[in-house]
>>> print(open('input.cif').read())   # mmCIF, C-alpha atoms
data_model
#
loop_
_atom_site.label_atom_id
_atom_site.label_comp_id
_atom_site.auth_asym_id
_atom_site.auth_seq_id
_atom_site.Cartn_x
_atom_site.Cartn_y
_atom_site.Cartn_z
CA MET K 1 89.45 -147.50 -68.86
CA SER K 2 87.66 -150.18 -66.87
CA GLU K 3 89.97 -152.47 -64.87
CA ASN K 4 89.47 -155.79 -63.10
CA ILE K 5 90.33 -155.14 -59.46
CA SER K 6 90.05 -157.31 -56.37
CA VAL K 7 89.56 -155.82 -52.91
CA LEU K 8 90.54 -157.82 -49.84
CA GLY K 9 88.90 -156.60 -46.64
CA LEU K 10 85.52 -154.95 -46.26
CA GLY K 11 85.78 -152.95 -43.08
CA LEU K 12 84.61 -149.36 -43.22
CA MET K 13 87.61 -148.28 -45.29
CA GLY K 14 87.76 -151.32 -47.54
CA THR K 15 84.06 -150.96 -48.32
CA ALA K 16 84.49 -147.27 -49.13
CA LEU K 17 87.37 -148.10 -51.49
CA ALA K 18 85.36 -150.82 -53.25
CA GLU K 19 82.35 -148.51 -53.58
CA SER K 20 84.45 -145.79 -55.20
CA LEU K 21 85.93 -148.24 -57.70
CA LEU K 22 82.48 -149.57 -58.59
CA ALA K 23 81.18 -146.03 -59.06
CA ALA K 24 84.03 -145.35 -61.47
CA GLY K 25 82.98 -148.30 -63.62
CA HIS K 26 85.61 -150.87 -62.67
CA GLN K 27 84.92 -154.61 -62.43
CA ILE K 28 85.31 -155.44 -58.75
CA THR K 29 85.77 -158.76 -56.98
CA VAL K 30 85.63 -158.64 -53.19
CA TRP K 31 86.61 -160.96 -50.38
CA ASN K 32 86.01 -160.61 -46.68
CA ARG K 33 86.37 -162.99 -43.77
CA THR K 34 82.68 -162.33 -43.00
CA PRO K 35 80.98 -162.83 -46.40
CA ALA K 36 77.76 -161.03 -45.41
CA LYS K 37 79.59 -157.69 -45.43
CA ALA K 38 79.82 -157.97 -49.21
CA GLU K 39 76.05 -157.98 -49.80
CA PRO K 40 75.60 -154.22 -50.41
CA LEU K 41 78.47 -154.30 -52.89
CA LEU K 42 77.09 -157.37 -54.65
CA ALA K 43 73.81 -155.52 -55.12
CA ARG K 44 75.76 -152.83 -56.96
CA GLY K 45 77.49 -155.28 -59.30
CA ALA K 46 80.54 -156.56 -57.46
CA LYS K 47 81.47 -160.23 -57.57
CA GLN K 48 82.30 -162.19 -54.43
CA ALA K 49 85.26 -164.52 -54.08
CA ALA K 50 84.89 -167.43 -51.70
CA THR K 51 88.59 -167.39 -50.77
CA PRO K 52 91.54 -165.01 -50.93
CA GLU K 53 93.07 -167.30 -53.54
CA GLU K 54 90.03 -166.88 -55.75
CA ALA K 55 90.08 -163.11 -55.29
CA VAL K 56 93.77 -162.80 -56.20
CA ALA K 57 93.30 -165.03 -59.25
CA ALA K 58 90.39 -162.88 -60.45
CA SER K 59 92.26 -159.62 -61.04
CA PRO K 60 95.67 -158.30 -62.08
CA LEU K 61 95.36 -155.56 -59.43
CA VAL K 62 94.68 -156.64 -55.85
CA ILE K 63 94.00 -154.00 -53.18
CA ALA K 64 94.38 -155.12 -49.59
CA CYS K 65 92.88 -153.09 -46.75
CA LEU K 66 92.99 -155.24 -43.64
CA LEU K 67 93.66 -154.85 -39.93
CA ASP K 68 97.45 -155.00 -40.03
CA TYR K 69 100.40 -156.41 -41.98
CA PRO K 70 100.35 -159.84 -40.30
CA SER K 71 96.73 -160.24 -41.40
CA VAL K 72 97.74 -159.30 -44.96
CA ARG K 73 100.45 -161.95 -45.00
CA ALA K 74 98.10 -164.54 -43.50
CA THR K 75 95.42 -163.71 -46.09
CA LEU K 76 97.82 -163.92 -49.03
CA GLU K 77 99.82 -166.88 -47.73
CA SER K 78 98.06 -169.48 -49.87
CA ALA K 79 97.41 -167.18 -52.84
CA SER K 80 99.83 -166.73 -55.70
CA PRO K 81 100.68 -163.08 -56.47
CA GLU K 82 102.59 -164.10 -59.60
CA GLY K 83 101.78 -161.65 -62.37
CA ARG K 84 99.71 -159.57 -59.98
CA VAL K 85 100.14 -156.10 -58.50
CA ILE K 86 99.50 -156.12 -54.76
CA ALA K 87 98.57 -152.65 -53.56
CA ASN K 88 98.57 -152.87 -49.79
CA LEU K 89 96.68 -149.95 -48.26
CA THR K 90 96.85 -151.39 -44.76
CA THR K 91 98.45 -149.15 -42.14
CA GLY K 92 101.83 -150.50 -41.05
CA ARG K 93 105.46 -149.76 -40.35
CA PRO K 94 108.09 -149.05 -43.03
CA SER K 95 109.99 -152.22 -42.11
CA GLU K 96 106.83 -154.30 -42.59
CA ALA K 97 106.27 -152.76 -46.02
CA ARG K 98 109.82 -153.59 -47.14
CA GLU K 99 109.54 -157.16 -45.88
CA THR K 100 106.19 -157.63 -47.62
CA ALA K 101 107.55 -156.16 -50.86
CA GLU K 102 110.37 -158.72 -50.82
CA TRP K 103 107.90 -161.49 -50.07
CA VAL K 104 105.62 -160.52 -52.97
CA ALA K 105 108.54 -160.04 -55.39
CA GLY K 106 109.92 -163.43 -54.41
CA ARG K 107 106.65 -164.97 -55.50
CA GLY K 108 106.55 -163.23 -58.87
CA GLY K 109 104.38 -160.22 -58.05
CA GLU K 110 104.79 -156.45 -57.93
CA TYR K 111 104.19 -154.52 -54.74
CA VAL K 112 102.93 -151.04 -53.97
CA ALA K 113 102.54 -149.83 -50.40
CA GLY K 114 99.96 -147.21 -49.57
CA GLY K 115 99.06 -144.78 -46.84
CA ILE K 116 95.45 -143.59 -46.77
CA MET K 117 95.23 -139.98 -45.60
CA ALA K 118 91.46 -139.90 -45.24
CA VAL K 119 88.60 -141.33 -43.22
CA PRO K 120 86.12 -143.61 -45.05
CA GLN K 121 83.62 -140.79 -45.61
CA MET K 122 86.28 -138.80 -47.50
CA ILE K 123 87.05 -141.50 -50.08
CA ALA K 124 86.34 -140.31 -53.65
CA GLN K 125 85.80 -136.80 -52.30
CA PRO K 126 87.99 -133.70 -52.77
CA GLY K 127 90.77 -133.65 -50.19
CA ALA K 128 91.22 -137.41 -49.96
CA LEU K 129 94.83 -138.47 -50.53
CA ILE K 130 96.54 -141.85 -50.74
CA LEU K 131 100.33 -142.02 -50.69
CA TYR K 132 102.05 -144.79 -52.66
CA SER K 133 105.59 -146.16 -52.86
CA GLY K 134 107.31 -149.25 -54.21
CA SER K 135 106.99 -150.37 -57.83
CA ARG K 136 106.83 -147.21 -59.91
CA ALA K 137 105.87 -149.17 -63.02
CA ALA K 138 102.93 -150.79 -61.23
CA PHE K 139 101.78 -147.46 -59.83
CA GLU K 140 101.90 -145.77 -63.23
CA ARG K 141 100.07 -148.70 -64.84
CA TYR K 142 97.11 -148.33 -62.49
CA GLU K 143 97.30 -144.67 -61.54
CA GLY K 144 94.07 -143.92 -63.37
CA ALA K 145 92.15 -146.61 -61.49
CA LEU K 146 93.69 -145.63 -58.16
CA SER K 147 92.57 -142.03 -58.68
CA ALA K 148 88.94 -143.18 -58.33
CA MET K 149 89.55 -143.70 -54.60
CA ALA K 150 91.54 -140.55 -53.82
CA GLU K 151 94.28 -138.38 -55.22
CA PRO K 152 97.18 -140.81 -55.76
CA ARG K 153 100.66 -139.50 -54.96
CA PHE K 154 103.79 -141.56 -55.61
CA THR K 155 106.48 -140.92 -53.00
CA GLY K 156 109.39 -143.09 -54.13
CA ASP K 157 110.72 -146.53 -54.98
CA ASP K 158 111.30 -147.48 -51.34
CA PRO K 159 108.19 -149.46 -50.29
CA GLY K 160 108.65 -148.11 -46.76
CA MET K 161 108.31 -144.45 -47.75
CA ALA K 162 104.51 -144.23 -48.03
CA PRO K 163 103.98 -145.94 -44.64
CA LEU K 164 106.61 -143.66 -43.07
CA LEU K 165 104.95 -140.53 -44.44
CA ASP K 166 101.56 -141.89 -43.38
CA LEU K 167 102.80 -142.31 -39.80
CA ALA K 168 104.48 -138.90 -39.89
CA MET K 169 101.22 -137.24 -40.91
CA LEU K 170 99.36 -139.16 -38.20
CA THR K 171 101.99 -137.92 -35.74
CA GLY K 172 101.14 -134.34 -36.68
CA MET K 173 97.46 -135.15 -36.28
CA TYR K 174 97.92 -136.68 -32.84
CA GLY K 175 99.98 -133.65 -31.80
CA GLN K 176 97.11 -131.42 -32.83
CA ILE K 177 94.64 -133.62 -30.95
CA ALA K 178 96.86 -133.48 -27.86
CA GLY K 179 96.85 -129.68 -28.03
CA LEU K 180 93.06 -129.62 -28.48
CA LEU K 181 92.51 -131.89 -25.49
CA GLU K 182 94.79 -129.90 -23.19
CA ALA K 183 93.31 -126.58 -24.31
CA ALA K 184 89.77 -127.87 -23.90
CA ALA K 185 90.50 -129.23 -20.42
CA LEU K 186 91.92 -125.86 -19.36
CA VAL K 187 88.97 -123.92 -20.77
CA ARG K 188 86.42 -126.31 -19.27
CA SER K 189 88.05 -125.90 -15.85
CA ALA K 190 87.05 -122.23 -15.99
CA GLY K 191 83.50 -122.94 -17.11
CA TYR K 192 83.87 -121.29 -20.52
CA PRO K 193 81.74 -123.01 -23.22
CA LEU K 194 83.84 -125.29 -25.42
CA THR K 195 81.33 -124.96 -28.25
CA ASP K 196 82.31 -121.31 -28.44
CA PHE K 197 86.01 -121.62 -27.67
CA VAL K 198 86.91 -124.32 -30.20
CA PRO K 199 85.27 -123.01 -33.41
CA SER K 200 85.58 -119.28 -32.85
CA LEU K 201 88.93 -119.01 -31.06
CA LEU K 202 91.05 -122.17 -31.21
CA VAL K 203 90.53 -123.29 -34.82
CA PRO K 204 91.32 -119.91 -36.43
CA TRP K 205 94.42 -119.65 -34.23
CA LEU K 206 95.61 -123.15 -35.19
CA ASN K 207 95.03 -122.38 -38.88
CA ALA K 208 97.14 -119.23 -38.58
CA MET K 209 99.93 -121.19 -36.87
CA ALA K 210 99.77 -124.00 -39.44
CA ALA K 211 100.37 -121.44 -42.19
CA GLN K 212 103.81 -120.80 -40.64
CA GLN K 213 104.92 -124.43 -40.82
CA PRO K 214 106.38 -124.32 -44.37
CA LEU K 215 108.83 -121.67 -43.08
CA TRP K 216 109.70 -123.98 -40.19
CA ALA K 217 110.35 -126.77 -42.68
CA GLU K 218 112.85 -124.55 -44.52
CA LYS K 219 114.65 -123.79 -41.27
CA MET K 220 114.75 -127.44 -40.24
CA ALA K 221 116.05 -128.45 -43.66
CA SER K 222 118.79 -125.80 -43.62
CA GLY K 223 119.74 -126.11 -39.95
CA ASP K 224 119.38 -122.35 -39.52
CA HIS K 225 117.24 -122.02 -36.40
CA SER K 226 117.59 -118.27 -35.95
CA THR K 227 114.32 -116.49 -35.25
CA GLN K 228 112.74 -113.08 -35.55
CA VAL K 229 109.83 -114.14 -33.38
CA SER K 230 110.06 -115.69 -29.89
CA ASN K 231 113.21 -117.65 -29.07
CA LEU K 232 113.50 -120.79 -26.98
CA GLU K 233 114.21 -118.88 -23.78
CA ILE K 234 110.96 -116.98 -24.16
CA ASN K 235 109.11 -120.20 -24.98
CA ARG K 236 110.70 -121.97 -22.01
CA ALA K 237 109.27 -119.34 -19.68
CA GLY K 238 105.95 -119.38 -21.52
CA VAL K 239 105.47 -123.14 -21.34
CA ALA K 240 106.49 -123.16 -17.66
CA ASN K 241 103.77 -120.57 -17.07
CA LEU K 242 101.28 -122.73 -18.95
CA VAL K 243 102.13 -125.78 -16.86
CA GLN K 244 101.80 -123.85 -13.61
CA THR K 245 98.41 -122.53 -14.74
CA PHE K 246 97.23 -126.06 -15.45
CA TYR K 247 98.17 -127.15 -11.95
CA GLU K 248 96.45 -124.14 -10.42
CA GLN K 249 93.29 -124.92 -12.40
CA GLY K 250 93.35 -128.56 -11.31
CA VAL K 251 94.10 -129.80 -14.82
CA LYS K 252 96.79 -132.35 -15.74
CA PRO K 253 99.38 -130.94 -18.18
CA ASP K 254 100.54 -134.48 -19.05
CA LEU K 255 100.42 -134.04 -22.83
CA LEU K 256 102.36 -130.78 -22.58
CA LEU K 257 105.15 -131.99 -20.29
CA PRO K 258 107.17 -133.87 -22.96
CA LEU K 259 107.39 -130.69 -25.05
CA LYS K 260 108.46 -128.73 -21.97
CA ALA K 261 111.20 -131.28 -21.30
CA VAL K 262 112.64 -130.92 -24.82
CA ILE K 263 112.54 -127.11 -24.63
CA ASP K 264 114.30 -127.22 -21.24
CA GLN K 265 116.92 -129.61 -22.62
CA ARG K 266 117.69 -127.47 -25.66
CA THR K 267 117.84 -124.28 -23.60
CA ALA K 268 120.18 -125.93 -21.09
CA ARG K 269 122.62 -126.50 -23.97
CA GLY K 270 122.96 -122.72 -24.26
CA LEU K 271 120.74 -122.51 -27.35
CA GLY K 272 117.98 -120.38 -25.90
CA HIS K 273 118.54 -117.82 -28.66
CA GLU K 274 117.23 -120.24 -31.29
CA GLY K 275 113.65 -120.61 -32.47
CA LEU K 276 111.42 -123.58 -31.78
CA SER K 277 112.51 -125.25 -35.04
CA GLY K 278 115.79 -126.12 -33.29
CA LEU K 279 113.96 -128.71 -31.19
CA ILE K 280 114.18 -131.10 -34.15
CA GLU K 281 117.90 -131.48 -33.38
CA GLU K 282 117.04 -132.82 -29.92
CA LEU K 283 114.64 -135.35 -31.45
#
>>> encode(input="input.cif", output="structure tokens")
Amino acid sequence: MSENISVLGLGLMGTALAESLLAAGHQITVWNRTPAKAEPLLARGAKQAATPEEAVAASPLVIACLLDYPSVRATLESASPEGRVIANLTTGRPSEARETAEWVAGRGGEYVAGGIMAVPQMIAQPGALILYSGSRAAFERYEGALSAMAEPRFTGDDPGMAPLLDLAMLTGMYGQIAGLLEAAALVRSAGYPLTDFVPSLLVPWLNAMAAQQPLWAEKMASGDHSTQVSNLEINRAGVANLVQTFYEQGVKPDLLLPLKAVIDQRTARGLGHEGLSGLIEEL
């Protein structure tokens, strides 16, 4: 079913979202601080609003994808969300999402917070995911339209849940990037080609390790950190060896040192017999 939808913000992500909605046959109204960014979308049938107020008034579903939460509030300040669903897909903190939900509800609107787990090129492609939380009724009303952008997944009535899960997934991503950077620096220090190391050695290894993470989740949820693999004492010695190797190769182990500190702390508590999942208790 075709819906009237307004999109606020036409950066790379906002444009990708609007394009996917247009391709799915929805009636789209767009607004951007720099109007010229809307021209490619207008050529494909979108309408342009001169102001945020006009954009909000044009559609019962308003999707915001702006720089940050303060910019969302500033953009919506003079617009009335009464009778509208505000789906805010801007990255922010859980506390900001809860405050914005209260603000929208106090002005007669419904609020859904979102976390986009994709880059712009992935929108409307397999593997793209957007997390939602807040008004369940609003989400269910527009779930079909939202699915044009990415797989929509509702994570709970707390508006802060989708942003929290978004940031948690980004945390995992940044941890992976930190490991890649440290590994690459070590390999480059020895003159081994990174274009061989990363695709043929590192990526298959990381994929194999990632496959073990659901078992770690079970252990962290249960509090049973026993292990049949390598315990913390073994890992403490292993990471110390890694750090020493970095220094000997003239490479900074800066991204590895925080992990070493937590392992050392947990082991010093007499828990060296546990597995690495026990580190969650220190955090």
>>> residues_near_point(input="input.cif", point="(111.4, -115.9, -32.3)", cutoff="12 Å", atoms="only C-alpha atoms", output="MDAnalysis selection string")
chainID K and resid 216 225:236 272:278
>>> residues_around(input="input.cif", residues="Ile5 of chain K", least_positions_apart="6", cutoff="8 Å", atoms="only C-alpha atoms", output="tab-separated table (two decimals) with C-alpha atoms, in the coordinates of the input")
chain	number	residue	atom	x	y	z
K	26	HIS	CA	85.61	-150.87	-62.67
K	27	GLN	CA	84.92	-154.61	-62.43
K	28	ILE	CA	85.31	-155.44	-58.75
K	29	THR	CA	85.77	-158.76	-56.98
K	58	ALA	CA	90.39	-162.88	-60.45
K	59	SER	CA	92.26	-159.62	-61.04
K	60	PRO	CA	95.67	-158.30	-62.08
K	61	LEU	CA	95.36	-155.56	-59.43
K	62	VAL	CA	94.68	-156.64	-55.85
K	63	ILE	CA	94.00	-154.00	-53.18
>>> atom_distance(input="input.cif", atom1="atom CA of Gly106 of chain K", atom2="atom CA of Leu10 of chain K")
27.1 Å
>>> closest_residue(input="input.cif", among="K:Gly115, K:Gly191, K:Pro159, K:Pro120", to="Thr15 of chain K", atoms="all atoms listed in the file")
K:Pro120
>>> resolve_selection(input="input.cif", expression="the PyMOL selection byres ((chain K and resi 161) around 10)", output="VMD selection string")
chain K and resid 93 to 95 97 to 98 113 to 115 131 to 134 154 to 160 162 to 167
>>> resolve_selection(input="input.cif", expression="the PyMOL selection byres ((chain K and resi 110) around 8)", output="VMD selection string")
chain K and resid 81 83 to 86 101 104 to 105 108 to 109 111 to 112 135 138
>>> residues_around(input="input.cif", residues="Ala49 of chain K", least_positions_apart="3", cutoff="8 Å", atoms="all atoms listed in the file", output="PyMOL selection string")
chain K and resi 29-31+52+54-55
>>> write_last_selection(input="input.cif", atoms="C-alpha atoms", output="PDB file, in the frame of the given file")
ATOM      1  CA  THR K  29      85.770-158.760 -56.980  1.00  0.00           C
ATOM      2  CA  VAL K  30      85.630-158.640 -53.190  1.00  0.00           C
ATOM      3  CA  TRP K  31      86.610-160.960 -50.380  1.00  0.00           C
ATOM      4  CA  PRO K  52      91.540-165.010 -50.930  1.00  0.00           C
ATOM      5  CA  GLU K  54      90.030-166.880 -55.750  1.00  0.00           C
ATOM      6  CA  ALA K  55      90.080-163.110 -55.290  1.00  0.00           C
TER       7      ALA K  55
END
>>> atom_distance(input="input.cif", atom1="atom CA of Val262 of chain K", atom2="atom CA of Ser189 of chain K")
26.7 Å
>>> atom_distance(input="input.cif", atom1="atom CA of Gln176 of chain K", atom2="atom CA of Ala210 of chain K")
10.3 Å
>>> closest_residue(input="input.cif", among="K:Ala18, K:Ala74, K:Val251, K:Val243", to="Val187 of chain K", atoms="only C-alpha atoms")
K:Val251
>>> resolve_selection(input="input.cif", expression="the PyMOL selection byres ((chain K and resi 179-183) around 9)", output="list of chain:residue names")
K:Tyr174, K:Gly175, K:Gln176, K:Ile177, K:Ala178, K:Ala184, K:Ala185, K:Leu186, K:Val187, K:Arg188, K:Val198, K:Leu202, K:Phe246, K:Val251, K:Lys252, K:Pro253, K:Asp254, K:Leu255, K:Leu256
>>> closest_residue(input="input.cif", among="K:Met117, K:Ile263, K:Ala50, K:Ala237", to="Met173 of chain K", atoms="all atoms listed in the file")
K:Met117
>>> closest_residue(input="input.cif", among="K:Ile280, K:Ala87, K:Leu17, K:Val203", to="Arg136 of chain K", atoms="all atoms listed in the file")
K:Ala87
>>> residues_around(input="input.cif", residues="Ala64 of chain K", least_positions_apart="4", cutoff="7 Å", atoms="all atoms listed in the file", output="list in words")
Val7, Leu8, Gly9, Ala87, Asn88, Leu89 and Thr90 of chain K
>>> write_last_selection(input="input.cif", atoms="C-alpha atoms", output="CSV table (one decimal), in the coordinates of the input")
chain,number,residue,atom,x,y,z
K,7,VAL,CA,89.6,-155.8,-52.9
K,8,LEU,CA,90.5,-157.8,-49.8
K,9,GLY,CA,88.9,-156.6,-46.6
K,87,ALA,CA,98.6,-152.6,-53.6
K,88,ASN,CA,98.6,-152.9,-49.8
K,89,LEU,CA,96.7,-150.0,-48.3
K,90,THR,CA,96.8,-151.4,-44.8
>>> closest_residue(input="input.cif", among="K:Ile123, K:Ala79, K:Met220, K:Ala57", to="Leu12 of chain K", atoms="only C-alpha atoms")
K:Ile123
>>> axis_aligned_box(input="input.cif", around="segment 155-162 of chain K", padding_each_side="4 Å", output="JSON")
{"center_x": 107.9, "center_y": -145.2, "center_z": -50.9, "size_x": 14.8, "size_y": 16.5, "size_z": 16.2}
>>> decode(input="input.cif", residues="segment 126-191 of chain K", atoms="C-alpha atoms", output="PDB file, in the first residue's frame")
ATOM      1  CA  PRO K 126      19.696  -7.839   1.521  1.00  0.00           C
ATOM      2  CA  GLY K 127      21.483  -7.563   4.855  1.00  0.00           C
ATOM      3  CA  ALA K 128      20.335  -4.035   5.675  1.00  0.00           C
ATOM      4  CA  LEU K 129      18.689  -3.809   9.095  1.00  0.00           C
ATOM      5  CA  ILE K 130      16.995  -0.987  10.981  1.00  0.00           C
ATOM      6  CA  LEU K 131      16.173  -1.441  14.662  1.00  0.00           C
ATOM      7  CA  TYR K 132      13.075   0.284  16.051  1.00  0.00           C
ATOM      8  CA  SER K 133      11.678   0.917  19.526  1.00  0.00           C
ATOM      9  CA  GLY K 134       9.034   3.125  21.104  1.00  0.00           C
ATOM     10  CA  SER K 135       5.407   3.132  19.971  1.00  0.00           C
ATOM     11  CA  ARG K 136       4.583  -0.435  19.006  1.00  0.00           C
ATOM     12  CA  ALA K 137       1.278   0.623  17.453  1.00  0.00           C
ATOM     13  CA  ALA K 138       3.015   3.174  15.227  1.00  0.00           C
ATOM     14  CA  PHE K 139       5.653   0.661  14.188  1.00  0.00           C
ATOM     15  CA  GLU K 140       3.077  -1.980  13.284  1.00  0.00           C
ATOM     16  CA  ARG K 141       1.010   0.587  11.364  1.00  0.00           C
ATOM     17  CA  TYR K 142       3.925   1.441   9.084  1.00  0.00           C
ATOM     18  CA  GLU K 143       5.983  -1.738   9.190  1.00  0.00           C
ATOM     19  CA  GLY K 144       5.244  -2.457   5.548  1.00  0.00           C
ATOM     20  CA  ALA K 145       6.483   0.950   4.419  1.00  0.00           C
ATOM     21  CA  LEU K 146       9.540   0.785   6.671  1.00  0.00           C
ATOM     22  CA  SER K 147      10.499  -2.562   5.143  1.00  0.00           C
ATOM     23  CA  ALA K 148      11.219  -0.778   1.842  1.00  0.00           C
ATOM     24  CA  MET K 149      14.335   0.738   3.424  1.00  0.00           C
ATOM     25  CA  ALA K 150      15.679  -2.309   5.266  1.00  0.00           C
ATOM     26  CA  GLU K 151      14.532  -5.229   7.355  1.00  0.00           C
ATOM     27  CA  PRO K 152      12.604  -3.593  10.227  1.00  0.00           C
ATOM     28  CA  ARG K 153      13.030  -5.154  13.664  1.00  0.00           C
ATOM     29  CA  PHE K 154      11.070  -3.935  16.690  1.00  0.00           C
ATOM     30  CA  THR K 155      13.103  -4.189  19.892  1.00  0.00           C
ATOM     31  CA  GLY K 156      10.717  -2.977  22.591  1.00  0.00           C
ATOM     32  CA  ASP K 157       8.505  -0.224  23.951  1.00  0.00           C
ATOM     33  CA  ASP K 158      11.407   1.674  25.532  1.00  0.00           C
ATOM     34  CA  PRO K 159      12.378   4.361  22.977  1.00  0.00           C
ATOM     35  CA  GLY K 160      15.963   4.090  24.201  1.00  0.00           C
ATOM     36  CA  MET K 161      16.353   0.415  23.303  1.00  0.00           C
ATOM     37  CA  ALA K 162      16.988   0.746  19.562  1.00  0.00           C
ATOM     38  CA  PRO K 163      19.635   3.468  20.069  1.00  0.00           C
ATOM     39  CA  LEU K 164      21.277   1.374  22.799  1.00  0.00           C
ATOM     40  CA  LEU K 165      21.419  -1.713  20.583  1.00  0.00           C
ATOM     41  CA  ASP K 166      22.664   0.452  17.712  1.00  0.00           C
ATOM     42  CA  LEU K 167      25.545   1.720  19.860  1.00  0.00           C
ATOM     43  CA  ALA K 168      26.245  -1.784  21.155  1.00  0.00           C
ATOM     44  CA  MET K 169      26.563  -3.110  17.606  1.00  0.00           C
ATOM     45  CA  LEU K 170      28.798  -0.182  16.684  1.00  0.00           C
ATOM     46  CA  THR K 171      30.910  -1.035  19.734  1.00  0.00           C
ATOM     47  CA  GLY K 172      31.424  -4.538  18.368  1.00  0.00           C
ATOM     48  CA  MET K 173      32.307  -3.046  14.993  1.00  0.00           C
ATOM     49  CA  TYR K 174      34.863  -0.648  16.458  1.00  0.00           C
ATOM     50  CA  GLY K 175      36.387  -3.513  18.442  1.00  0.00           C
ATOM     51  CA  GLN K 176      36.794  -5.447  15.217  1.00  0.00           C
ATOM     52  CA  ILE K 177      38.317  -2.406  13.513  1.00  0.00           C
ATOM     53  CA  ALA K 178      40.723  -1.968  16.429  1.00  0.00           C
ATOM     54  CA  GLY K 179      41.840  -5.586  16.045  1.00  0.00           C
ATOM     55  CA  LEU K 180      42.261  -5.154  12.280  1.00  0.00           C
ATOM     56  CA  LEU K 181      44.369  -2.025  12.717  1.00  0.00           C
ATOM     57  CA  GLU K 182      46.655  -3.573  15.325  1.00  0.00           C
ATOM     58  CA  ALA K 183      47.054  -6.785  13.328  1.00  0.00           C
ATOM     59  CA  ALA K 184      47.750  -4.864  10.135  1.00  0.00           C
ATOM     60  CA  ALA K 185      50.342  -2.656  11.847  1.00  0.00           C
ATOM     61  CA  LEU K 186      52.134  -5.726  13.198  1.00  0.00           C
ATOM     62  CA  VAL K 187      52.120  -7.486   9.824  1.00  0.00           C
ATOM     63  CA  ARG K 188      53.247  -4.365   7.960  1.00  0.00           C
ATOM     64  CA  SER K 189      56.168  -3.985  10.374  1.00  0.00           C
ATOM     65  CA  ALA K 190      57.480  -7.309   9.054  1.00  0.00           C
ATOM     66  CA  GLY K 191      56.982  -6.395   5.409  1.00  0.00           C
TER      67      GLY K 191
END
